[in-house]
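coords-v9.csv follows (CSV, C-alpha atoms):
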chain,number,residue,atom,x,y,z
A,15,MET,CA,3.8,6.9,33.2
A,16,LYS,CA,7.2,8.4,32.8
A,17,VAL,CA,7.8,10.0,29.4
A,18,VAL,CA,11.4,10.9,28.7
A,19,ALA,CA,13.3,12.2,25.7
A,20,THR,CA,17.0,11.2,25.3
A,21,ILE,CA,19.5,13.0,23.1
A,22,GLN,CA,22.4,11.0,21.7
A,23,ALA,CA,25.3,13.5,21.8
A,24,ARG,CA,29.1,13.2,21.5
A,25,MET,CA,32.0,15.4,20.5
A,26,GLY,CA,33.4,13.0,17.9
A,27,SER,CA,31.4,13.9,14.8
A,28,SER,CA,33.5,13.1,11.8
A,29,ARG,CA,32.1,15.9,9.6
A,30,LEU,CA,31.7,18.7,12.2
A,31,PRO,CA,33.6,17.8,15.4
A,32,GLY,CA,32.2,19.3,18.6
A,33,LYS,CA,29.1,20.4,16.8
A,34,VAL,CA,26.8,19.8,19.8
A,35,LEU,CA,28.5,22.5,21.8
A,36,ARG,CA,28.8,25.0,19.0
A,37,GLU,CA,27.1,28.2,20.0
A,38,LEU,CA,23.9,29.6,18.5
A,39,CYS,CA,23.2,33.1,19.7
A,40,GLY,CA,25.6,32.5,22.6
A,41,THR,CA,24.1,29.2,23.7
A,42,PRO,CA,25.4,25.7,23.0
A,43,MET,CA,23.4,23.9,20.3
A,44,LEU,CA,22.7,21.0,22.7
A,45,VAL,CA,21.2,23.4,25.3
A,46,HIS,CA,18.9,24.9,22.7
A,47,GLN,CA,17.7,21.3,21.9
A,48,VAL,CA,17.1,20.5,25.6
A,49,ASN,CA,15.2,23.7,26.2
A,50,ARG,CA,13.0,23.2,23.2
A,51,LEU,CA,12.1,19.6,24.2
A,52,LEU,CA,11.3,20.8,27.8
A,53,ARG,CA,8.6,23.0,26.3
A,54,SER,CA,6.7,19.8,25.5
A,55,ARG,CA,3.6,19.4,27.6
A,56,LEU,CA,4.0,15.6,27.7
A,57,ILE,CA,7.7,15.0,28.3
A,58,ASP,CA,8.7,14.7,31.9
A,59,ASP,CA,12.5,14.9,31.5
A,60,VAL,CA,15.3,15.1,29.0
A,61,VAL,CA,18.4,13.0,29.4
A,62,VAL,CA,21.6,13.6,27.3
A,63,ALA,CA,23.0,10.1,26.4
A,64,THR,CA,26.7,10.7,25.9
A,65,THR,CA,29.7,8.4,26.0
A,66,THR,CA,32.4,7.4,28.5
A,67,ASN,CA,35.0,8.7,26.1
A,68,SER,CA,37.1,11.4,27.8
A,69,ALA,CA,36.5,13.8,24.9
A,70,ASP,CA,32.8,13.8,26.1
A,71,ASP,CA,33.6,15.0,29.6
A,72,VAL,CA,32.8,18.5,28.4
A,73,ILE,CA,29.3,17.4,27.5
A,74,ALA,CA,28.8,15.9,31.0
A,75,ASP,CA,30.3,19.0,32.6
A,76,LEU,CA,28.0,21.2,30.7
A,77,CYS,CA,25.0,19.1,31.7
A,78,ALA,CA,26.0,19.2,35.3
A,79,LEU,CA,26.4,23.0,35.1
A,80,ARG,CA,23.0,23.5,33.5
A,81,GLY,CA,21.1,21.0,35.6
A,82,ILE,CA,20.5,18.6,32.7
A,83,SER,CA,20.2,14.9,33.3
A,84,VAL,CA,23.1,12.9,31.7
A,85,TYR,CA,23.9,9.3,31.1
A,86,ARG,CA,27.2,7.9,29.9
A,87,GLY,CA,27.7,4.7,27.9
A,88,SER,CA,29.4,3.1,25.0
A,89,GLU,CA,30.5,5.3,22.2
A,90,GLN,CA,30.2,2.7,19.4
A,91,ASP,CA,27.4,0.6,20.8
A,92,VAL,CA,24.6,3.2,20.6
A,93,LEU,CA,21.9,0.7,20.8
A,94,GLY,CA,23.3,-0.6,24.1
A,95,ARG,CA,23.8,2.9,25.4
A,96,VAL,CA,20.2,3.9,24.7
A,97,ALA,CA,18.8,0.7,26.1
A,98,ALA,CA,20.9,1.2,29.2
A,99,VAL,CA,19.6,4.8,29.8
A,100,VAL,CA,16.0,3.7,29.3
A,101,THR,CA,16.6,1.0,31.9
A,102,ALA,CA,18.5,3.3,34.3
A,103,HIS,CA,15.9,6.1,34.2
A,104,LYS,CA,12.9,3.7,34.2
A,105,ILE,CA,11.5,5.2,31.1
A,106,ASP,CA,8.0,4.0,30.1
A,107,LEU,CA,7.6,6.0,27.0
A,108,HIS,CA,10.8,7.0,25.2
A,109,VAL,CA,11.3,9.9,22.7
A,110,GLU,CA,14.6,9.2,20.9
A,111,CYS,CA,16.4,12.3,19.7
A,112,PHE,CA,19.8,13.1,18.1
A,113,GLY,CA,22.2,15.9,18.9
A,114,ASP,CA,22.1,17.2,15.4
A,115,SER,CA,18.5,18.5,15.7
A,116,PRO,CA,18.4,21.7,17.7
A,117,LEU,CA,15.2,22.9,16.0
A,118,VAL,CA,13.1,20.0,17.2
A,119,ASP,CA,9.5,21.3,17.6
A,120,PRO,CA,7.9,20.3,20.9
A,121,GLN,CA,4.4,20.8,19.5
A,122,ILE,CA,5.0,18.2,16.8
A,123,VAL,CA,6.5,15.9,19.5
A,124,ASP,CA,3.3,16.3,21.5
A,125,GLU,CA,1.2,15.6,18.5
A,126,PHE,CA,3.1,12.3,17.9
A,127,LEU,CA,2.9,11.3,21.6
A,128,GLY,CA,-0.8,12.1,21.7
A,129,TYR,CA,-1.5,10.0,18.6
A,130,PHE,CA,0.6,7.1,20.1
A,131,LEU,CA,-1.2,7.2,23.4
A,132,LYS,CA,-4.6,7.3,21.7
A,133,HIS,CA,-3.6,4.1,19.9
A,134,ARG,CA,-1.4,2.6,22.7
A,135,ASP,CA,-3.2,-0.8,22.7
A,136,SER,CA,-2.3,-1.5,19.1
A,137,LEU,CA,1.1,0.2,18.6
A,138,ASP,CA,4.6,-0.1,20.0
A,139,GLY,CA,5.7,3.3,18.6
A,140,VAL,CA,5.3,6.0,16.1
A,141,SER,CA,7.9,7.5,13.7
A,142,SER,CA,8.5,10.0,11.0
A,143,THR,CA,11.9,8.5,10.2
A,144,LEU,CA,10.6,5.6,8.1
A,145,GLU,CA,9.7,8.0,5.3
A,146,THR,CA,11.2,11.4,5.0
A,147,THR,CA,8.3,13.9,4.8
A,148,TYR,CA,9.1,16.4,7.6
A,149,PRO,CA,12.3,18.5,7.1
A,150,PRO,CA,15.3,16.4,8.2
A,151,GLY,CA,16.1,17.5,11.7
A,152,LEU,CA,12.5,17.7,12.7
A,153,GLU,CA,11.8,13.9,12.9
A,154,VAL,CA,10.1,12.3,15.8
A,155,LEU,CA,10.6,8.7,17.0
A,156,ALA,CA,8.7,7.6,20.1
A,157,TYR,CA,8.2,4.0,21.5
A,158,TRP,CA,7.6,2.1,24.6
A,159,GLY,CA,10.9,1.9,26.6
A,160,ARG,CA,10.6,-1.9,26.9
A,161,VAL,CA,10.9,-2.1,23.1
A,162,ILE,CA,14.5,-0.8,22.8
A,163,VAL,CA,15.5,-3.0,25.7
A,164,ASP,CA,14.1,-6.1,23.9
A,165,VAL,CA,15.7,-5.1,20.6
A,166,ASN,CA,19.0,-4.7,22.4
A,167,GLY,CA,18.8,-8.3,23.3
A,168,LEU,CA,17.9,-9.4,19.8
A,169,VAL,CA,20.7,-7.7,17.9
A,170,ALA,CA,24.1,-9.5,18.1
A,171,LEU,CA,26.9,-7.6,19.9
A,172,ASP,CA,29.1,-7.7,16.8
A,173,ASP,CA,26.3,-6.4,14.5
A,174,PRO,CA,27.6,-3.1,12.9
A,175,LEU,CA,24.1,-1.7,13.0
A,176,ARG,CA,24.4,-1.4,16.8
A,177,GLU,CA,25.8,2.1,16.0
A,178,HIS,CA,22.1,3.0,15.6
A,179,ALA,CA,19.4,2.7,18.3
A,180,GLY,CA,15.7,3.0,17.3
A,181,PHE,CA,16.5,2.2,13.7
A,182,ASN,CA,16.9,-1.4,14.7
A,183,ILE,CA,13.3,-1.7,15.8
A,184,GLY,CA,12.3,-1.7,12.2
A,185,ARG,CA,14.3,-4.8,11.6
A,186,PHE,CA,11.8,-6.8,13.6
A,187,PRO,CA,8.4,-5.9,12.0
A,188,ARG,CA,6.7,-9.1,13.2
A,189,ALA,CA,7.6,-8.3,16.8
A,190,PHE,CA,7.0,-4.6,17.0
A,191,ARG,CA,4.3,-2.4,15.4
A,192,ILE,CA,5.7,1.1,14.5
A,193,GLU,CA,3.4,3.3,12.6
A,194,SER,CA,4.8,5.8,10.2
A,195,LEU,CA,3.3,9.3,10.4
A,196,ARG,CA,3.5,11.7,7.5
A,197,ALA,CA,3.9,15.4,7.6
A,198,PRO,CA,0.8,17.5,6.8
A,199,GLU,CA,0.9,19.3,3.5
A,200,GLU,CA,2.1,22.6,5.1
A,201,PHE,CA,5.1,20.9,6.7
A,202,HIS,CA,6.0,18.6,3.8
A,203,GLU,CA,9.5,19.7,3.1
A,204,PRO,CA,11.7,16.5,2.7
A,205,GLU,CA,14.4,18.5,0.9
A,206,LEU,CA,14.8,21.3,3.5
A,207,TYR,CA,17.6,20.2,5.7
A,208,LEU,CA,17.4,21.5,9.3
A,209,GLU,CA,19.8,19.0,10.8
A,210,VAL,CA,23.4,19.9,11.6
A,211,ASP,CA,25.9,17.5,10.1
A,212,THR,CA,28.2,19.9,8.3
A,213,ILE,CA,29.3,23.5,8.5
A,214,GLU,CA,26.8,24.4,5.7
A,215,ASP,CA,24.0,22.9,7.9
A,216,PHE,CA,25.2,24.8,10.9
A,217,GLU,CA,25.0,28.1,8.8
A,218,VAL,CA,21.4,27.4,7.9
A,219,VAL,CA,20.3,26.6,11.4
A,220,ALA,CA,22.3,29.6,12.8
A,221,ALA,CA,20.4,31.9,10.4
A,222,VAL,CA,17.1,30.6,11.8
A,223,PHE,CA,18.2,31.1,15.4
A,224,GLU,CA,19.5,34.5,14.7
A,225,HIS,CA,16.2,35.5,13.0
A,226,PHE,CA,14.2,34.4,16.0
A,227,LYS,CA,16.7,35.4,18.6
A,228,ALA,CA,14.3,37.6,20.6
A,229,ARG,CA,11.9,34.7,20.9
A,230,GLY,CA,14.2,32.3,22.7
A,231,SER,CA,12.9,28.8,22.2
A,232,SER,CA,9.3,29.8,21.5
A,233,PHE,CA,9.0,29.4,17.7
A,234,GLY,CA,7.9,26.4,15.8
A,235,LEU,CA,8.2,24.7,12.4
A,236,GLY,CA,5.5,26.8,10.8
A,237,GLU,CA,7.3,30.0,11.6
A,238,ILE,CA,10.7,28.5,10.5
A,239,LEU,CA,9.2,27.5,7.2
A,240,GLY,CA,7.7,30.9,6.7
A,241,PHE,CA,11.1,32.5,7.2
A,242,LEU,CA,13.0,30.1,5.0
A,243,ARG,CA,10.5,30.2,2.2
A,244,ALA,CA,10.9,33.9,2.1
A,245,LYS,CA,14.7,33.6,2.1
A,246,PRO,CA,15.4,30.7,-0.3
A,247,GLU,CA,19.1,31.6,-0.5
A,248,ILE,CA,19.5,30.4,3.1
A,249,PRO,CA,18.3,26.7,2.7
A,250,ASP,CA,20.1,26.6,-0.7
A,251,ARG,CA,23.4,26.7,1.2
A,252,ASN,CA,23.1,23.0,2.3
A,253,ARG,CA,20.9,21.4,-0.4
A,254,ALA,CA,23.9,19.7,-2.1
A,255,VAL,CA,25.3,18.1,1.2
A,256,GLU,CA,25.3,14.3,1.0
A,257,ARG,CA,22.9,12.8,3.6
A,258,ARG,CA,24.4,9.5,5.0
A,259,TRP,CA,21.1,8.4,6.6
A,260,ARG,CA,19.4,8.3,3.2
A,261,ALA,CA,20.7,4.8,2.4
A,262,LEU,CA,19.3,3.5,5.7
A,263,ARG,CA,15.8,4.9,5.0
A,264,GLU,CA,15.6,4.0,1.4
A,265,ASN,CA,17.0,0.4,1.4
A,266,ASP,CA,16.0,-2.7,3.3
A,267,VAL,CA,18.6,-4.0,5.8
Show how you would write the structure in this file as C-alpha cells.
Amino acid sequence: MKVVATIQARMGSSRLPGKVLRELCGTPMLVHQVNRLLRSRLIDDVVVATTTNSADDVIADLCALRGISVYRGSEQDVLGRVAAVVTAHKIDLHVECFGDSPLVDPQIVDEFLGYFLKHRDSLDGVSSTLETTYPPGLEVLAYWGRVIVDVNGLVALDDPLREHAGFNIGRFPRAFRIESLRAPEEFHEPELYLEVDTIEDFEVVAAVFEHFKARGSSFGLGEILGFLRAKPEIPDRNRAVERRWRALRENDV
C-alpha cells in the first residue's frame, strides 16, 4: 500500500503572497512542512501539488533543489489538481495537506492513519476538519486515493467549490463514509490559530519555530501548546483574524 501526503501550495495567496516560501529560522515554510511530514512512520512520500502558473516556477525549482516530489496542475481547479496527482503517483491512501500548515504534527497524522487502517473495511476516510477541535493548522484529512478521483468525476467542472479538494467528499455522505475524529482534551484548542494565512499568523508560527530552533523538526503539538500557554501574548496576536474556512465548516453546502 502506498501512503502519500500531498501539500497544496502556490505563491498567489491573496492575504499573504508568497507565504509558502517565507523563511522560518532560515528555511522556507514549505520545506519545514515537508520535513515534519517525512517524520511520519506511515507516510511513504510527500508530494507538493503546485500549479502550472509561471509564478509557481519558484516552488517547483525549490522542490527540485531539495529533492522533493512535485506535481503541477490547474491553479483554480484544486479538486482536479489533487485527483490528478493521486492518479499520477498511484496513491492508495492519501493525506491531504495545505501549504499554510508548517506545524503539522507527524505523530497525530500517524494516529489518524492508524485509526483509519484499523477500521479500513468500514471507512473511506478520517478527518478533523469536519469539526474544529484541534488548533487550526494541525488538522488531518486522510482517505482512500480512489475517493478523490471518484469525487472529481461527480463535481461539475463549472462548480465553484472545485477550488477545494477533500472538502467536496463531504458533499456525498451517502457515497463515502468519513469519520470525524475529535482532539483529546489536552489538545482541544479550536481558538488557537497555528495556520498561516496572514502576517499575524506568520508571526505566531515564527515565534514557535524560533523557540524550538535547536530541535529542528522534532517537536510536537503538546510541546507547542506548553510553550504558547505559558506565553499567551503570542497567540493573542492573531485571535482577531477572520477565518475564511469557518463558513465552509459551519454551514451545509
Computed interatomic separation between atom CA of A:Arg251 and atom CA of A:Glu224 (Å): 16.1 Å
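A straight line drawn from atom CA of A:Arg257 to atom CA of A:Thr20 is 22.5 Å long.
From atom CA of A:Val100 back to atom CA of A:Pro120, the distance works out to 20.3 Å.
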Check which residues of stretch 115-161 of chain A sit at most 10 Å from stretch 24-43 of chain A using all atoms listed in the file, and return one row each with the closest pair of atoms and their distance in Å to one decimal, ordered by chain and rising number, as CSV.
residue,atom,partner,partner_atom,distance
A:Ser115,CA,A:Met43,CA,8.6
A:Pro116,CA,A:Met43,CA,6.0
A:Leu117,CA,A:Met43,CA,9.3
Residues within 10 Å of A:Cys111, all atoms listed in the file, excluding chain neighbours under 5 positions, as a VMD selection string: chain A and resid 19 to 23 47 51 60 to 63 116 118 151 to 156 180
Shell of 10 Å around A:Leu76, all atoms listed in the file, local chain residues under 6 positions omitted, as a VMD selection string: chain A and resid 35 42 44 to 45 70 82 84
Minimum-distance residue to A:Arg50, chosen among A:Cys77, A:Val17, A:Leu235, A:Leu131 (using all atoms listed in the file): A:Leu235
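The smallest atom-to-atom distance between A:Lys104 and any of A:Ala69, A:Ala78, A:Leu171, A:Met15, using all atoms listed in the file, is found for A:Met15.
If only C-alpha atoms are the atoms counted, then among A:Val18, A:Asp211, A:Leu79, A:Ala98 the closest residue to A:Asp59 is A:Val18.
Of the residues listed (A:Leu242, A:Thr64, A:Phe126, A:Tyr157), A:Thr64 shows the shortest atom-to-atom separation from A:Gly113; distances use all atoms listed in the file.
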Exercise: A:His178 partners within 10 Å, only C-alpha atoms, chain neighbours under 6 positions left out, as a PyMOL selection string: chain A and resi 90-96
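With only C-alpha atoms as the basis for measurement, A:Ala97 is the residue among A:Ala228, A:Thr212, A:Thr65, A:Ala97 that approaches A:Leu168 most closely.
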Rebuild stretch 224-238 of chain A to N, CA and C atoms - output it as a short mmCIF file (atom, residue, chain, number, x, y, z; two decimals), keeping the file's coordinate frame, please.
data_model
loop_
_atom_site.label_atom_id
_atom_site.label_comp_id
_atom_site.auth_asym_id
_atom_site.auth_seq_id
_atom_site.Cartn_x
_atom_site.Cartn_y
_atom_site.Cartn_z
N GLU A 224 19.22 33.11 14.66
CA GLU A 224 19.50 34.50 14.70
C GLU A 224 18.21 35.33 14.37
N HIS A 225 17.45 34.83 13.41
CA HIS A 225 16.20 35.50 13.00
C HIS A 225 15.21 35.56 14.18
N PHE A 226 15.14 34.46 14.94
CA PHE A 226 14.20 34.40 16.00
C PHE A 226 14.80 34.61 17.40
N LYS A 227 15.94 35.27 17.41
CA LYS A 227 16.70 35.40 18.60
C LYS A 227 15.90 36.01 19.79
N ALA A 228 15.06 36.98 19.49
CA ALA A 228 14.30 37.60 20.60
C ALA A 228 13.20 36.70 21.12
N ARG A 229 12.92 35.59 20.44
CA ARG A 229 11.90 34.70 20.90
C ARG A 229 12.37 33.55 21.75
N GLY A 230 13.68 33.45 21.93
CA GLY A 230 14.20 32.30 22.70
C GLY A 230 13.93 31.02 22.05
N SER A 231 13.20 30.14 22.74
CA SER A 231 12.90 28.80 22.20
C SER A 231 11.42 28.76 21.70
N SER A 232 10.71 29.87 21.76
CA SER A 232 9.30 29.80 21.50
C SER A 232 8.93 30.14 20.03
N PHE A 233 9.44 29.32 19.13
CA PHE A 233 9.00 29.40 17.70
C PHE A 233 9.02 27.97 17.18
N GLY A 234 8.08 27.74 16.27
CA GLY A 234 7.90 26.40 15.80
C GLY A 234 8.17 26.22 14.30
N LEU A 235 7.89 25.04 13.79
CA LEU A 235 8.20 24.70 12.40
C LEU A 235 7.48 25.60 11.43
N GLY A 236 6.22 25.92 11.70
CA GLY A 236 5.50 26.80 10.80
C GLY A 236 6.16 28.11 10.58
N GLU A 237 6.63 28.70 11.68
CA GLU A 237 7.30 30.00 11.60
C GLU A 237 8.68 29.84 10.91
N ILE A 238 9.37 28.75 11.18
CA ILE A 238 10.70 28.50 10.50
C ILE A 238 10.48 28.40 9.02
#
